[in-house]
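Chemist: Have a look at this one.
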Amino acid sequence: MRHGARKAAVAITSITTVVAMTLSGCSSDADTGTTTEPTGSTDGRITDEQRLEALTTPTNLTFWTWVPGVEDQVALFEAAYPAISVTVENVGQGLDHYSKVRTASQAGSGAPDVVQLEQQFVTSFAVTGELLDLTPYGATDLADDYVPWVWNQVVANGQVLAIPQDSGPLGNLYREDILAAAGVTEPPATWADYKTAAELVRANTDSYISNMAPGQGAGWVGLLWQAGVKPFGYDGGEGVTINVNGADAKEVVSYWQDLIQNDLVSVDADFTDEWYQGLNQGKYAGWLTAAWAPVFLSGAAADTSGLWRAAPLPQWDVNNPSSGNWGGSVNAVLKASENPIAAYELAKWINHAQEPALLFATQQNFFPTKISVLEDPVFAAQEPEFYGGQRVNEVFAGISETVDTEWEWLPFMEFAYTSFNETFGAAVAAKGDLSAGLDAWQADLEEYATQQGFTVNG
Amino acid sequence: MSKTIQRKQTLVAYGFILPFFAVFAAMFVAPLAYSGYLSLYVNRLVGGVSFVGLENYARAFEDSRFLEGLGRTALILVTQVPIMLGLALFFALALDSGRARGSRTLRLLIFLPYAVPGVIAVLMWGYIYGQSFGLIAQISSGVGLPSINLLSDELILFAIMNIITWAFVGYNMIVMYAALKSIPGELYEAAEIDGAGQWRLAWSVKIPMIRPAILLTTIFSIIGSFQIFNEPKLLVEIAPTGITQGFTPNYYAFNLAFVNQDVSYAAAIAFLLGFVIMIVSYVVQLSTQSRRFQS
């Protein structure tokens, strides 16, 4: 169990050794019942009869995902709906996955029915018209079962574009022993406290309180999210809002500018050999990170077991605690699917029925998005040894409630992150002018948006 | 009568090369024509596809990312390529002189990096370059020197040049060494009778004799430099801010197509890159040829 847990956690963050694992469990040979489904009853909503027919007609579905061990959830689905046979395929992770989904979807053949997407890329795929609107299939009925901010991530302009799977609200994982040695007994409650603690850690130990990876756009954006910055927006048509260099964003980065230039935090690239060493050897006394990280860390820094603790992020305003999000994914149905009803039922069932949804939390170690799973004692009451028996899941479940619900993405996040690395990320790496880095990022994003035919609103 | 036989022979000859041409047309000419066609359009996220003629090419000439990438490749061309070919020539001559002991083993060792898959090589160098726990850092801190970050935004280009030199010096050496082996022995005897030493022999006999091989490795290196892709693609994981989107033109074309969703512009960049390679290779070939005619 524990070993499997680590494996899963490693896979969450982009290591691709799971291809074989995922490919091995696929393809049972049912006959290909690829009949085109009727598009709906008179009011556009799928009727119960249509649903029943779709779920009892022998059908083959294809599901592209990088999630290791998802065959178990799929097997539960197939047991519940014996007429449906699902082929799970892992076509790569990150960029590889996305470019294949786009290619297949635009080619009009060979595309899967259901795909895995990170939350932040839902808009990017919606803009190119690749995602099926799930509203006629009854997706709106699910809204109240999910954490509100998560549900907002899959809704755009009244359309439900995906079913949430996991998320990554931001918290603070820290080395209790190093902080204690530095004279910090409580996890910093405010960002001001955090700076004081950072100074103590630098003065009294060989560690940095944290590492702020220059190339980790999603993590930085999560910190802006926490501060209530609204850098992105998309109206579903031609208009995008880009405001990454507003006064509120600059206030956040000037805080980090101060810490970086005074050598209070390190700026090493993350998920590299160096970084793993740094975690294991106590170079970093903490990590401002997402809810999927606790399990990941327990595998990546196994030497330091028992020394870590979890806490919410330091706050800008202690009376209004808030957090941002980093990572997390959803299952969406492609418009190219020939069996949209069955495909929707697959995406819904594995993420909504209690058994498979809880299994994601306990087996894949995904941080849940469904309220009933977050509250399930099997998940919430875990007391991992790595964190000295602290109920880490409970901490993050509490954080999840404080995530700002009003957050939007640009419809071209792939470009936005690459550009981030060249502009803001480069400024962080050089310990240079972060504010100018934001300006450069803003200019680059505006230029790309205009090039692509969008109208940019300030 | 003989005419019909000749015609028959011609037809048979064409028949023999037909399979090649079929594959060549389907797998090379057709995709090339298709990307040429793509490069004349623009595919926007909003507004879709429209014909723009040569606008993509005009855009490339004003694109600082593309031009910087070309500049970076040019820098590699004028610094790394001469060093690499110089080393390769030196090794080839040293091995050929027969003075070095265990020359077979040496030859194999120098050639070995070429056989290491690029992915492994880059992973390995990533470890060696690491700032605080890497091999170089550990050695330099062991002797009391400050550690330098070879993966920093400023030094990453030189780190890549070093990897490329390491990987391809053996390959170029083998090409030159093979050419050295085919020089007829009489020339050496004649030179020795004239009283030439090893250095003189190398300079006045060996190097002029293997000039075609050196030219070949130069042209290959030029093409290789412009097509650098693996190194930035892999090192971007450990140096995410140093490797920019347009680090090399080839890497830029990839990013344009698969990150920016701008396939048309990527096709234009690829075509321009092809033209640049052709021009530079041709100029190099021409200049060496004219030099030969002069001498």
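Following the order of the structure tokens, chains are lettered A, B, ..., residues in each are numbered from 1, and ligands are numbered from 1.
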Mind the document's chain letters and residue numbers, and return as an MDAnalysis selection string the residues of range 51-288 of chain B that DSSP labels alpha helix (DSSP H).

Modeler: chainID B and resid 55:61 64:96 103:115 118:129 135:142 156:181 185:193 198:201 207:209 211:226 230:235 249:258 263:288

Chemist: Where does chain B meet chain A within 6 Å, residue by residue, with the nearest atom pair and distance in Å to one decimal for each, counting only C-alpha atoms, listed by chain and rising number, as JSON lines?

Modeler:
{"residue": "B:Arg44", "atom": "CA", "partner": "A:Gln452", "partner_atom": "CA", "distance": 4.7}
{"residue": "B:Leu45", "atom": "CA", "partner": "A:Gln452", "partner_atom": "CA", "distance": 5.5}
{"residue": "B:Val46", "atom": "CA", "partner": "A:Gly453", "partner_atom": "CA", "distance": 5.1}
{"residue": "B:Ile238", "atom": "CA", "partner": "A:Thr272", "partner_atom": "CA", "distance": 5.8}
{"residue": "B:Pro240", "atom": "CA", "partner": "A:Gly215", "partner_atom": "CA", "distance": 5.3}
{"residue": "B:Thr241", "atom": "CA", "partner": "A:Asn421", "partner_atom": "CA", "distance": 4.9}
{"residue": "B:Thr244", "atom": "CA", "partner": "A:Glu422", "partner_atom": "CA", "distance": 5.7}
{"residue": "B:Val259", "atom": "CA", "partner": "A:Glu414", "partner_atom": "CA", "distance": 5.6}
{"residue": "B:Asn260", "atom": "CA", "partner": "A:Phe415", "partner_atom": "CA", "distance": 5.3}

Chemist: Write the residues you've just listed into a file as a compact mmCIF listing (two decimals), in the first residue's frame, and include N, CA, C and O atoms for each of them.

Modeler:
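Dumped to again.txt:
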# COMPACT_ATOMS: atom_id res chain seq x y z
N ARG B 44 -5.24 31.04 -36.39
CA ARG B 44 -5.38 31.72 -35.11
C ARG B 44 -6.36 31.00 -34.21
O ARG B 44 -7.29 30.36 -34.70
N LEU B 45 -6.16 31.13 -32.90
CA LEU B 45 -7.09 30.52 -31.95
C LEU B 45 -8.47 31.15 -32.12
O LEU B 45 -9.49 30.49 -32.01
N VAL B 46 -8.48 32.45 -32.39
CA VAL B 46 -9.74 33.12 -32.69
C VAL B 46 -9.70 33.53 -34.16
O VAL B 46 -8.78 34.19 -34.59
N ILE B 238 15.91 20.91 -16.22
CA ILE B 238 16.74 21.30 -15.07
C ILE B 238 17.20 22.74 -15.14
O ILE B 238 17.71 23.27 -14.18
N PRO B 240 15.01 25.53 -16.39
CA PRO B 240 13.79 26.00 -17.06
C PRO B 240 13.83 27.46 -17.50
O PRO B 240 13.17 27.81 -18.46
N THR B 241 14.61 28.29 -16.81
CA THR B 241 14.60 29.70 -17.22
C THR B 241 15.73 30.02 -18.19
O THR B 241 15.66 31.00 -18.91
N THR B 244 15.31 29.26 -23.27
CA THR B 244 14.12 29.99 -23.68
C THR B 244 13.42 29.26 -24.82
O THR B 244 13.99 28.35 -25.42
N VAL B 259 3.45 24.12 -28.46
CA VAL B 259 3.09 24.89 -27.27
C VAL B 259 2.19 26.05 -27.65
O VAL B 259 1.14 26.27 -27.07
N ASN B 260 2.61 26.79 -28.70
CA ASN B 260 1.87 28.00 -29.06
C ASN B 260 0.71 27.73 -30.02
O ASN B 260 0.00 28.64 -30.38

Chemist: Neighbours of Ala239 in chain B within 8 Å (only C-alpha atoms; same-chain residues fewer than 5 positions away dropped), as a VMD selection string?

Modeler: (chain A and resid 269) or (chain B and resid 151 to 153 156)

Chemist: Please provide as a CSV table (one decimal) with N, CA, C and O atoms, in the first residue's frame all residues within 10 Å of Gly118 in chain B, with the sequence filter that same-chain residues fewer than 4 positions apart are discarded (counting only C-alpha atoms).

Modeler:
chain,number,residue,atom,x,y,z
B,113,PRO,N,31.3,8.2,-26.4
B,113,PRO,CA,30.2,9.1,-26.1
B,113,PRO,C,29.2,9.2,-27.3
B,113,PRO,O,28.0,9.4,-27.0
B,114,TYR,N,29.7,9.0,-28.5
B,114,TYR,CA,28.8,9.1,-29.7
B,114,TYR,C,27.7,8.0,-29.6
B,114,TYR,O,26.6,8.2,-30.0
B,122,VAL,N,22.5,13.7,-21.6
B,122,VAL,CA,22.0,14.9,-21.0
B,122,VAL,C,21.7,14.7,-19.5
B,122,VAL,O,22.0,15.6,-18.7
B,123,LEU,N,21.1,13.6,-19.2
B,123,LEU,CA,20.8,13.3,-17.8
B,123,LEU,C,22.1,13.3,-17.0
B,123,LEU,O,22.2,13.8,-15.9
B,124,MET,N,23.1,12.6,-17.6
B,124,MET,CA,24.4,12.5,-17.0
B,124,MET,C,25.1,13.8,-16.7
B,124,MET,O,25.5,14.1,-15.6
B,163,ILE,N,28.6,19.7,-24.0
B,163,ILE,CA,28.0,18.4,-24.2
B,163,ILE,C,28.1,17.9,-25.7
B,163,ILE,O,28.4,16.8,-26.0
B,164,ILE,N,27.9,18.9,-26.6
B,164,ILE,CA,27.9,18.5,-28.0
B,164,ILE,C,29.3,18.1,-28.4
B,164,ILE,O,29.5,17.2,-29.1
B,167,ALA,N,30.0,14.7,-27.2
B,167,ALA,CA,29.3,13.7,-27.9
B,167,ALA,C,29.8,13.4,-29.3
B,167,ALA,O,29.8,12.3,-29.8
B,230,ASN,N,17.8,18.2,-29.2
B,230,ASN,CA,17.7,17.3,-28.0
B,230,ASN,C,18.2,18.0,-26.7
B,230,ASN,O,17.6,17.9,-25.7
B,231,GLU,N,19.4,18.7,-26.8
B,231,GLU,CA,20.0,19.2,-25.6
B,231,GLU,C,19.1,20.2,-25.0
B,231,GLU,O,18.8,20.1,-23.8
B,234,LEU,N,15.9,18.6,-23.5
B,234,LEU,CA,16.1,17.8,-22.3
B,234,LEU,C,16.5,18.7,-21.1
B,234,LEU,O,16.1,18.5,-20.0

Chemist: Which parts of range 45-256 of chain B does DSSP call strand (DSSP E) when run on the backbone here, written out as a list in words?

Modeler: Gly48, Val49, Ser50 and Phe51 of chain B

Chemist: Got a sec: who's within 12 Å of Phe360 in chain A, counting only C-alpha atoms, leaving out chain neighbours fewer than 3 positions off, as number ranges by chain?

Modeler: A: 5, 8-9, 12, 67-74, 164-167, 292, 329, 350-357, 363-370, 373-374, 378-379
